[in-house]
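**Q** The following file, start_7.csv, comprises CSV, C-alpha atoms:
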chain,number,residue,atom,x,y,z
A,26,MET,CA,-209.0,159.9,-15.2
A,27,ARG,CA,-207.8,162.3,-12.6
A,28,ARG,CA,-204.5,161.4,-11.2
A,29,GLY,CA,-204.4,160.6,-7.4
A,30,LYS,CA,-201.9,161.4,-4.8
A,31,THR,CA,-198.5,160.1,-5.6
A,32,PHE,CA,-196.1,158.1,-3.3
A,33,ILE,CA,-192.7,157.6,-4.7
A,34,PHE,CA,-190.7,155.1,-2.6
A,35,ASP,CA,-188.3,153.9,-5.3
A,36,PHE,CA,-188.6,153.2,-9.0
A,37,LYS,CA,-192.3,152.3,-8.5
A,38,THR,CA,-195.2,154.6,-7.9
A,39,TRP,CA,-198.5,153.9,-6.2
A,40,THR,CA,-201.4,156.2,-6.6
A,41,GLU,CA,-204.9,156.6,-5.1
A,42,THR,CA,-207.9,158.6,-6.3
A,43,PRO,CA,-208.4,161.6,-4.1
A,44,LYS,CA,-211.7,162.3,-2.4
A,45,PRO,CA,-213.2,165.8,-3.0
A,46,THR,CA,-212.8,167.9,0.1
A,47,SER,CA,-213.1,171.5,1.0
A,48,ASN,CA,-210.6,171.3,3.9
A,49,PHE,CA,-207.0,170.3,3.9
A,50,SER,CA,-207.1,167.5,6.4
A,51,VAL,CA,-204.3,165.9,8.4
A,52,CYS,CA,-204.6,162.8,6.3
A,53,GLU,CA,-204.2,164.8,3.1
A,54,GLU,CA,-201.2,166.6,4.5
A,55,VAL,CA,-199.6,163.3,5.3
A,56,LYS,CA,-200.2,162.0,1.8
A,57,LEU,CA,-198.8,165.0,0.1
A,58,THR,CA,-195.7,165.0,2.3
A,59,ALA,CA,-195.1,161.3,1.6
A,60,ALA,CA,-194.3,162.2,-2.0
A,61,ILE,CA,-190.8,163.1,-0.9
A,62,ILE,CA,-190.3,160.1,1.3
A,63,LEU,CA,-188.1,157.8,-0.7
A,64,GLY,CA,-188.4,159.4,-4.2
A,65,ILE,CA,-185.8,159.8,-6.8
A,66,ASN,CA,-187.9,160.8,-9.8
A,67,THR,CA,-190.6,163.1,-8.3
A,68,PRO,CA,-192.0,165.0,-11.3
A,69,LYS,CA,-193.2,168.0,-9.3
A,70,MET,CA,-192.3,169.5,-5.9
A,71,ASN,CA,-195.5,170.4,-4.1
A,72,LEU,CA,-195.7,173.4,-1.7
A,73,LEU,CA,-195.7,171.3,1.4
A,74,SER,CA,-192.6,169.5,0.3
A,75,ILE,CA,-190.9,172.8,-0.3
A,76,LEU,CA,-191.8,174.0,3.2
A,77,PHE,CA,-190.4,170.8,4.7
A,78,LEU,CA,-187.1,171.3,2.8
A,79,LEU,CA,-186.9,174.9,3.9
A,80,SER,CA,-187.7,174.1,7.5
A,81,GLY,CA,-184.2,172.8,8.2
A,82,ALA,CA,-183.1,173.3,11.8
A,83,SER,CA,-186.4,174.9,12.6
A,84,ALA,CA,-187.9,171.5,12.7
A,85,PHE,CA,-186.2,171.1,16.0
A,86,ASN,CA,-187.6,174.2,17.6
A,87,ALA,CA,-189.8,174.4,20.7
A,88,PRO,CA,-192.5,171.8,20.6
A,89,TYR,CA,-196.1,172.3,19.5
A,90,ALA,CA,-198.7,169.8,20.4
A,91,VAL,CA,-202.3,169.3,21.1
A,92,ARG,CA,-203.0,169.2,24.9
A,93,VAL,CA,-206.0,167.9,26.7
A,94,PRO,CA,-206.8,168.1,30.4
A,95,SER,CA,-205.8,165.1,32.5
A,96,LEU,CA,-209.0,163.1,33.3
A,97,ARG,CA,-207.8,161.3,36.4
A,98,MET,CA,-207.8,162.3,40.1
A,99,SER,CA,-204.1,161.4,40.4
A,100,SER,CA,-203.0,163.7,37.6
A,101,THR,CA,-201.8,166.5,39.9
A,102,VAL,CA,-198.9,165.6,42.2
A,103,GLU,CA,-196.7,167.9,44.2
A,104,SER,CA,-193.0,167.2,43.4
A,105,GLU,CA,-189.8,169.0,43.1
A,106,PRO,CA,-188.4,169.7,39.6
A,107,PHE,CA,-185.1,168.2,38.6
A,108,THR,CA,-182.1,170.7,38.8
A,109,LYS,CA,-179.3,170.1,36.3
A,110,PRO,CA,-175.8,170.0,37.7
A,111,GLU,CA,-173.1,172.4,36.7
A,112,ARG,CA,-171.8,172.1,33.1
A,113,VAL,CA,-169.0,169.5,32.5
A,114,VAL,CA,-166.7,170.3,29.6
A,115,MET,CA,-163.8,167.9,29.2
A,116,ASP,CA,-160.7,168.9,27.2
A,117,GLU,CA,-161.5,166.1,24.7
A,118,LEU,CA,-165.2,165.7,24.4
A,119,PRO,CA,-166.8,162.3,24.5
A,120,THR,CA,-168.7,161.3,21.4
A,121,VAL,CA,-171.9,159.3,21.0
A,122,PHE,CA,-172.5,157.5,17.7
A,123,VAL,CA,-176.3,157.2,17.3
A,124,TYR,CA,-179.4,157.1,15.2
A,125,ASP,CA,-181.8,159.9,16.0
A,126,HIS,CA,-184.9,157.7,16.0
A,127,CYS,CA,-183.4,154.9,18.2
A,128,PRO,CA,-184.7,154.9,21.8
A,129,PHE,CA,-181.6,153.2,23.1
A,130,CYS,CA,-179.5,156.0,21.6
A,131,VAL,CA,-181.9,158.5,23.0
A,132,ARG,CA,-181.3,157.0,26.5
A,133,VAL,CA,-177.6,158.0,26.3
A,134,ARG,CA,-178.2,161.4,24.9
A,135,LEU,CA,-180.8,162.1,27.5
A,136,ALA,CA,-178.6,160.9,30.4
A,137,LEU,CA,-175.7,163.0,29.2
A,138,GLY,CA,-177.9,166.0,28.8
A,139,LEU,CA,-179.5,165.7,32.2
A,140,LYS,CA,-176.0,165.4,33.7
A,141,ASN,CA,-175.1,168.5,31.7
A,142,VAL,CA,-172.1,166.8,30.1
A,143,LYS,CA,-171.0,168.5,26.8
A,144,HIS,CA,-170.5,165.9,24.1
A,145,ASN,CA,-170.3,165.4,20.4
A,146,VAL,CA,-173.2,163.7,18.6
A,147,ASN,CA,-172.3,161.7,15.5
A,148,PHE,CA,-175.5,160.7,13.6
A,149,MET,CA,-174.6,157.6,11.5
A,150,ALA,CA,-176.4,156.8,8.3
A,151,ASN,CA,-178.8,153.9,8.8
A,152,ASP,CA,-176.9,151.9,6.1
A,153,ASP,CA,-173.4,152.7,7.5
A,154,ILE,CA,-171.8,149.4,8.5
A,155,PRO,CA,-168.1,150.3,8.4
A,156,THR,CA,-168.2,153.0,11.1
A,157,PRO,CA,-169.7,151.0,13.9
A,158,THR,CA,-167.9,147.9,12.8
A,159,LYS,CA,-164.5,149.7,13.0
A,160,LEU,CA,-165.4,151.0,16.5
A,161,VAL,CA,-166.9,147.9,18.2
A,162,GLY,CA,-166.8,145.1,15.7
A,163,LYS,CA,-170.4,145.1,14.5
A,164,LYS,CA,-173.3,147.4,13.4
A,165,ILE,CA,-174.9,148.6,16.7
A,166,ALA,CA,-175.9,151.8,18.3
A,167,PRO,CA,-175.4,153.7,20.5
A,168,ILE,CA,-171.6,153.7,20.8
A,169,PHE,CA,-169.8,155.9,23.3
A,170,ALA,CA,-166.2,157.0,22.7
A,171,LEU,CA,-164.2,158.6,25.5
A,172,PRO,CA,-160.8,159.8,24.0
A,173,VAL,CA,-159.2,160.6,27.3
A,174,ASP,CA,-159.4,156.9,28.4
A,175,ASN,CA,-159.0,155.5,24.9
A,176,LEU,CA,-162.4,153.9,25.5
A,177,VAL,CA,-165.1,152.8,23.1
A,178,MET,CA,-168.1,150.9,24.2
A,179,GLY,CA,-171.7,150.0,23.4
A,180,GLU,CA,-174.9,149.1,25.3
A,181,SER,CA,-176.9,152.1,26.4
A,182,LEU,CA,-177.4,151.2,30.1
A,183,ASP,CA,-173.8,150.2,30.5
A,184,ILE,CA,-172.7,153.6,29.1
A,185,ILE,CA,-175.1,155.5,31.4
A,186,LYS,CA,-173.9,153.5,34.5
A,187,LEU,CA,-170.3,154.3,33.6
A,188,VAL,CA,-171.0,158.0,33.2
A,189,ASP,CA,-173.1,158.2,36.3
A,190,SER,CA,-170.5,156.5,38.5
A,191,ASP,CA,-167.5,158.6,37.4
A,192,PRO,CA,-167.0,162.0,39.2
A,193,ARG,CA,-165.4,163.5,36.1
A,194,PHE,CA,-169.0,163.7,34.7
A,195,GLY,CA,-170.4,165.5,37.7
A,196,PRO,CA,-172.3,164.3,40.7
A,197,VAL,CA,-172.4,160.5,40.8
A,198,GLU,CA,-175.6,158.4,41.1
A,199,LEU,CA,-177.7,161.3,39.8
A,200,PHE,CA,-180.2,158.7,38.5
A,201,LYS,CA,-182.0,156.5,41.0
A,202,PRO,CA,-182.2,152.8,40.3
A,203,ALA,CA,-185.0,151.4,38.1
A,204,THR,CA,-188.1,150.4,40.0
A,205,GLU,CA,-189.0,147.7,37.5
A,206,ARG,CA,-192.6,148.9,37.5
A,207,LYS,CA,-194.9,146.3,36.0
A,208,ASP,CA,-197.6,148.8,35.2
A,209,ILE,CA,-195.3,150.9,32.9
A,210,LYS,CA,-193.9,147.7,31.3
A,211,ALA,CA,-197.4,146.4,30.7
A,212,TRP,CA,-198.4,149.7,29.1
A,213,GLN,CA,-195.4,149.7,26.8
A,214,LYS,CA,-196.2,146.2,25.7
A,215,SER,CA,-199.8,147.1,25.0
A,216,VAL,CA,-198.9,149.9,22.5
A,217,GLN,CA,-196.0,148.1,20.7
A,218,VAL,CA,-197.9,147.2,17.6
A,219,LEU,CA,-199.8,150.5,17.5
A,220,LEU,CA,-196.6,152.5,17.7
A,221,ARG,CA,-194.7,150.5,15.2
A,222,THR,CA,-197.6,151.0,12.7
A,223,LEU,CA,-197.6,154.8,13.2
A,224,GLN,CA,-193.9,155.6,13.8
A,225,ARG,CA,-191.9,153.4,11.5
A,226,PRO,CA,-193.3,154.8,8.2
A,227,ARG,CA,-193.0,158.3,9.6
A,228,TYR,CA,-189.3,158.0,10.5
A,229,VAL,CA,-188.4,157.6,6.9
A,230,ALA,CA,-191.2,159.9,5.6
A,231,THR,CA,-190.1,163.1,7.2
A,232,GLY,CA,-187.1,163.6,5.0
A,233,LEU,CA,-185.4,165.2,8.0
A,234,LEU,CA,-183.9,162.6,10.3
A,235,PRO,CA,-180.1,162.5,9.8
A,236,GLU,CA,-179.8,158.7,9.4
A,237,PHE,CA,-182.4,158.8,6.6
A,238,GLN,CA,-181.0,161.6,4.5
A,239,GLN,CA,-180.2,159.3,1.6
A,240,LEU,CA,-182.2,156.6,-0.2
A,241,ASP,CA,-179.8,153.8,0.9
A,242,GLY,CA,-180.4,154.7,4.5
A,243,ARG,CA,-184.1,154.7,4.2
A,244,HIS,CA,-184.1,151.4,2.3
A,245,ALA,CA,-181.8,149.8,4.9
A,246,PHE,CA,-184.4,150.7,7.6
A,247,ILE,CA,-187.4,149.4,5.6
A,248,LYS,CA,-185.5,146.2,4.7
A,249,ASN,CA,-184.9,145.4,8.4
A,250,HIS,CA,-188.0,146.8,10.2
A,251,GLN,CA,-191.3,145.0,9.6
A,252,LEU,CA,-194.7,146.6,9.8
A,253,PRO,CA,-197.5,144.9,11.6
A,254,PRO,CA,-199.0,142.4,11.2
A,255,TYR,CA,-195.9,140.8,9.8
A,256,GLY,CA,-193.3,139.3,12.1
A,257,LYS,CA,-189.5,139.5,11.8
A,258,PRO,CA,-189.1,136.0,10.2
A,259,GLU,CA,-191.7,136.8,7.5
A,260,TRP,CA,-190.1,140.2,6.8
A,261,LYS,CA,-186.3,139.4,7.1
A,262,GLY,CA,-186.3,135.7,6.3
A,263,ASN,CA,-186.0,132.3,8.0
A,264,GLU,CA,-184.9,128.8,7.2
A,265,GLU,CA,-187.8,128.3,4.9
A,266,ASN,CA,-187.4,131.6,3.2
A,267,PRO,CA,-183.9,132.9,3.7
A,268,ASP,CA,-184.4,136.1,1.6
A,269,GLY,CA,-187.6,137.1,3.4
A,270,MET,CA,-190.1,139.4,1.8
A,271,ASP,CA,-189.3,141.0,-1.5
A,272,MET,CA,-188.0,144.5,-1.2
A,273,GLU,CA,-190.6,145.9,-3.7
A,274,GLU,CA,-193.3,144.5,-1.5
A,275,LYS,CA,-191.8,146.1,1.6
A,276,LEU,CA,-191.7,149.5,-0.1
A,277,LYS,CA,-195.3,149.0,-1.2
A,278,LEU,CA,-196.4,148.2,2.4
A,279,TYR,CA,-194.7,151.3,3.8
A,280,ALA,CA,-196.3,153.4,1.1
A,281,GLU,CA,-199.7,152.0,1.9
A,282,ALA,CA,-199.1,152.7,5.6
A,283,MET,CA,-198.5,156.3,4.9
A,284,ALA,CA,-201.5,156.5,2.6
A,285,GLN,CA,-204.0,155.3,5.2
A,286,ASP,CA,-206.0,157.7,7.3
A,287,PRO,CA,-204.3,157.7,10.7
A,288,ALA,CA,-207.3,159.0,12.6
A,289,PRO,CA,-208.5,155.6,14.0
A,290,LEU,CA,-205.0,154.7,15.2
A,291,ILE,CA,-204.4,158.2,16.7
A,292,GLU,CA,-207.7,157.9,18.5
A,293,GLU,CA,-206.6,154.6,20.0
A,294,LEU,CA,-203.2,156.1,21.0
A,295,ASN,CA,-204.9,159.1,22.6
A,296,ALA,CA,-206.8,156.8,24.9
A,297,LYS,CA,-203.7,154.9,25.8
A,298,LEU,CA,-201.9,158.1,26.7
A,299,VAL,CA,-204.7,158.9,29.1
A,300,GLU,CA,-204.0,155.6,30.7
A,301,LEU,CA,-200.3,156.3,31.0
A,302,ASP,CA,-200.9,159.8,32.3
A,303,ASP,CA,-202.7,158.2,35.3
A,304,ILE,CA,-199.7,156.1,36.3
A,305,VAL,CA,-196.9,158.7,35.7
A,306,PHE,CA,-196.1,160.2,39.1
A,307,SER,CA,-195.5,163.8,38.1
A,308,GLU,CA,-194.5,166.2,35.3
A,309,TYR,CA,-190.9,165.9,36.4
A,310,TYR,CA,-190.4,162.1,36.8
A,311,CYS,CA,-192.5,159.1,36.2
A,312,SER,CA,-191.9,157.2,39.5
A,313,GLU,CA,-192.2,158.4,43.0
A,314,GLY,CA,-188.8,159.3,44.6
A,315,GLY,CA,-187.2,161.3,41.9
A,316,LEU,CA,-185.5,161.0,38.5
A,317,SER,CA,-184.5,157.4,37.8
A,318,TYR,CA,-183.7,154.9,35.2
A,319,ASP,CA,-187.4,154.6,34.7
A,320,ASP,CA,-187.4,158.0,33.2
A,321,ILE,CA,-184.3,157.3,31.0
A,322,ASP,CA,-186.2,154.4,29.5
A,323,LEU,CA,-189.8,155.7,29.4
A,324,TRP,CA,-189.1,159.2,28.0
A,325,SER,CA,-186.8,157.8,25.4
A,326,ARG,CA,-189.5,155.6,24.1
A,327,LEU,CA,-192.3,158.2,24.3
A,328,ARG,CA,-190.3,160.7,22.3
A,329,SER,CA,-191.0,158.9,19.1
A,330,ILE,CA,-194.7,159.4,19.5
A,331,THR,CA,-194.2,163.1,18.8
A,332,ILE,CA,-193.4,162.3,15.2
A,333,THR,CA,-197.2,161.5,14.7
A,334,LYS,CA,-199.3,164.6,14.0
A,335,GLY,CA,-202.6,165.1,15.8
A,336,VAL,CA,-201.8,163.2,19.0
A,337,GLN,CA,-203.6,164.6,22.0
A,338,TRP,CA,-201.4,164.6,25.1
A,339,PRO,CA,-202.9,164.8,28.6
A,340,ALA,CA,-201.5,167.8,30.4
A,341,LYS,CA,-199.3,166.2,33.0
A,342,LEU,CA,-197.8,163.7,30.5
A,343,ARG,CA,-197.1,166.5,28.0
A,344,SER,CA,-195.4,168.6,30.6
A,345,TYR,CA,-193.3,165.5,31.5
A,346,MET,CA,-192.2,165.3,27.8
A,347,ASP,CA,-191.4,169.0,27.5
A,348,ASN,CA,-189.6,169.2,30.9
A,349,LEU,CA,-187.2,166.3,30.2
A,350,SER,CA,-186.7,167.5,26.6
A,351,ALA,CA,-185.5,170.9,27.8
A,352,ARG,CA,-183.5,169.6,30.7
A,353,GLY,CA,-182.0,166.7,28.8
A,354,ASP,CA,-181.3,168.8,25.7
A,355,VAL,CA,-182.9,166.3,23.4
A,356,PRO,CA,-185.5,167.8,21.0
A,357,LEU,CA,-188.9,166.4,20.3
A,358,TYR,CA,-190.3,165.8,16.8
A,359,ASP,CA,-193.5,167.9,17.0
A,360,GLN,CA,-192.4,170.5,14.3
A,361,MET,CA,-191.8,167.7,11.8
A,362,ALA,CA,-194.7,165.5,12.7
A,363,LEU,CA,-196.7,163.8,10.0
Show me this structure written as structure tokens.
**A**
Amino acid sequence: MRRGKTFIFDFKTWTETPKPTSNFSVCEEVKLTAAIILGINTPKMNLLSILFLLSGASAFNAPYAVRVPSLRMSSTVESEPFTKPERVVMDELPTVFVYDHCPFCVRVRLALGLKNVKHNVNFMANDDIPTPTKLVGKKIAPIFALPVDNLVMGESLDIIKLVDSDPRFGPVELFKPATERKDIKAWQKSVQVLLRTLQRPRYVATGLLPEFQQLDGRHAFIKNHQLPPYGKPEWKGNEENPDGMDMEEKLKLYAEAMAQDPAPLIEELNAKLVELDDIVFSEYYCSEGGLSYDDIDLWSRLRSITITKGVQWPAKLRSYMDNLSARGDVPLYDQMAL
């Protein structure tokens, strides 16, 4: 019997029988790449895996993505681009302790980048408990350390408010208040399950995110982050089942998620992005009036979508992603997308 594609997530291996094909589809590329996800005993290194290992920093180069024309009348809006303030370089640089995939961490990185504040970025391993516990007493991220004030603090929005109100970090109140737009909140809620299904397996599958460089970090994420349709109590445990789902079963579910053809989910996501494109105000900021906390939150969440290969971005929304990526100095995932 011909051996199928191999997914090695731990000490167990799951296989499937490949279908004959004359073209190397996106689905097949995802399946081949998944062989390096969580493996420790991969018998052979395929060409695609080698390319990923050689890509290194190039995975963070200028973004590549599929673009589609905006389909709505409101897609073109005249607005002024955001201009970054002058560079702020303190004698002792502030440091952010973060996970690359974490949207709350991205909020702080984006805000510091938009304010043009030079800072250190410390990517913690996903299973690193001692570092955050020593800093703030528990495992959380992001964490902001300001040596000049002997200050260490958590909570992304509190960090941003502090930085944006202190003249040592450049012009104050650079970000306008959040508008609490119900349409954007409703859109985010409508794609929650879809994005978890696509993004969570890909976070650990790339082999490139700093918090997942080692097996323990990948397993820590899988242990604590459920895949739909499972809820957190089923996955992590509750009073009736304190231990939650068996780790072997969790690994199997992540492997199966990567083995599935993503085309139907991507098609659904493409349609949802067209909806979002219609309610984003311009390519420079999402709400009328200028750069605001709306952008800090929305962009930081949308960034993770770029880890999924084959997504078609409406033109205005894609420009929005690229513009804030460049101005905020936070790279997108397009070059490592699966």
**Q** Determine, counting all atoms listed in the file, which protein, DNA and RNA residues have an atom within 12 Å of an atom of Glu259 in chain A; residues of the same chain fewer than 2 positions away are not included. Present the result as a VMD selection string.
**A** chain A and resid 248 to 257 261 to 271 274 to 275
**Q** Determine, counting all atoms listed in the file, which protein, DNA and RNA residues have an atom within 10 Å of an atom of Tyr345 in chain A; residues of the same chain fewer than 5 positions away are not included. Present the result as a PyMOL selection string.
**A** chain A and resi 302+305-311+320+324+340+350
**Q** What is the distance between CA of Leu294 in chain A and CA of Val229 in chain A, in Å to one decimal?
**A**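 Separation between CA of Leu294 in chain A and CA of Val229 in chain A: 20.5 Å.
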**Q** For Gln337 in chain A, which residue out of A:Lys297, A:Arg243, A:Arg225, A:Lys201 is the nearest one, using only C-alpha atoms?
**A**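 Closest residue, counting only C-alpha atoms: A:Lys297.
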**Q** For Val133 in chain A, find every residue with an atom within 9 Å (counting only C-alpha atoms), except residues of its own chain fewer than 2 positions away, and show them as JSON, numbers by chain.
**A** {"A": [121, 128, 129, 130, 131, 135, 136, 137, 138, 167, 169, 181, 182, 184, 185, 321]}
**Q** Now that the selection is made, can you save its residues with C-alpha atoms as a PDB file, in the frame of the given file?
**A**
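Result went into out.pdb, see below:
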ATOM      1  CA  VAL A 121    -171.900 159.300  21.000  1.00  0.00           C
ATOM      2  CA  PRO A 128    -184.700 154.900  21.800  1.00  0.00           C
ATOM      3  CA  PHE A 129    -181.600 153.200  23.100  1.00  0.00           C
ATOM      4  CA  CYS A 130    -179.500 156.000  21.600  1.00  0.00           C
ATOM      5  CA  VAL A 131    -181.900 158.500  23.000  1.00  0.00           C
ATOM      6  CA  LEU A 135    -180.800 162.100  27.500  1.00  0.00           C
ATOM      7  CA  ALA A 136    -178.600 160.900  30.400  1.00  0.00           C
ATOM      8  CA  LEU A 137    -175.700 163.000  29.200  1.00  0.00           C
ATOM      9  CA  GLY A 138    -177.900 166.000  28.800  1.00  0.00           C
ATOM     10  CA  PRO A 167    -175.400 153.700  20.500  1.00  0.00           C
ATOM     11  CA  PHE A 169    -169.800 155.900  23.300  1.00  0.00           C
ATOM     12  CA  SER A 181    -176.900 152.100  26.400  1.00  0.00           C
ATOM     13  CA  LEU A 182    -177.400 151.200  30.100  1.00  0.00           C
ATOM     14  CA  ILE A 184    -172.700 153.600  29.100  1.00  0.00           C
ATOM     15  CA  ILE A 185    -175.100 155.500  31.400  1.00  0.00           C
ATOM     16  CA  ILE A 321    -184.300 157.300  31.000  1.00  0.00           C
TER      17      ILE A 321
END
**Q** Select, from A:Leu176, A:Asp241, A:Ser329, A:Leu363, the residue with the minimum atom-to-atom distance to Asp286 in chain A, counting all atoms listed in the file.
**A**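 Among A:Leu176, A:Asp241, A:Ser329, A:Leu363, it is A:Leu363 that comes nearest to Asp286 in chain A.
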**Q** Looking at A:Asp153, A:Glu292, A:Glu236, A:Glu111, which one is nearest to Phe194 in chain A, with distances taken over all atoms listed in the file?
**A**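 Smallest distance to Phe194 in chain A is found for A:Glu111.
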**Q** Could you tell me how far CA of Ile330 in chain A sits from CA of Leu298 in chain A, in Å to one decimal place?
**A** 10.3 Å
**Q** For Phe200 in chain A, list every protein, DNA or RNA residue within 10 Å, evaluated using only C-alpha atoms, and leave out those in the same chain fewer than 6 positions away; present the list as a PyMOL selection string.
**A** chain A and resi 136+139-140+185-186+189-190+315-321
**Q** Here is a test: counting all atoms listed in the file, which residue of A:Thr222, A:Asp359, A:Thr204, A:Lys163 is nearest to Gln285 in chain A?
**A**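 Residue with the minimum atom-to-atom distance to Gln285 in chain A: A:Thr222.
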**Q** Which value, in Å to one decimal, gives the distance between CA of Gly335 in chain A and CA of Ala288 in chain A?
**A** 8.3 Å
**Q** Which of these, A:Arg326, A:Ala280, A:Asn295, A:Leu171, has the shortest distance to Lys214 in chain A once you count only C-alpha atoms?
**A**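 The answer is A:Arg326, which sits nearest to Lys214 in chain A.
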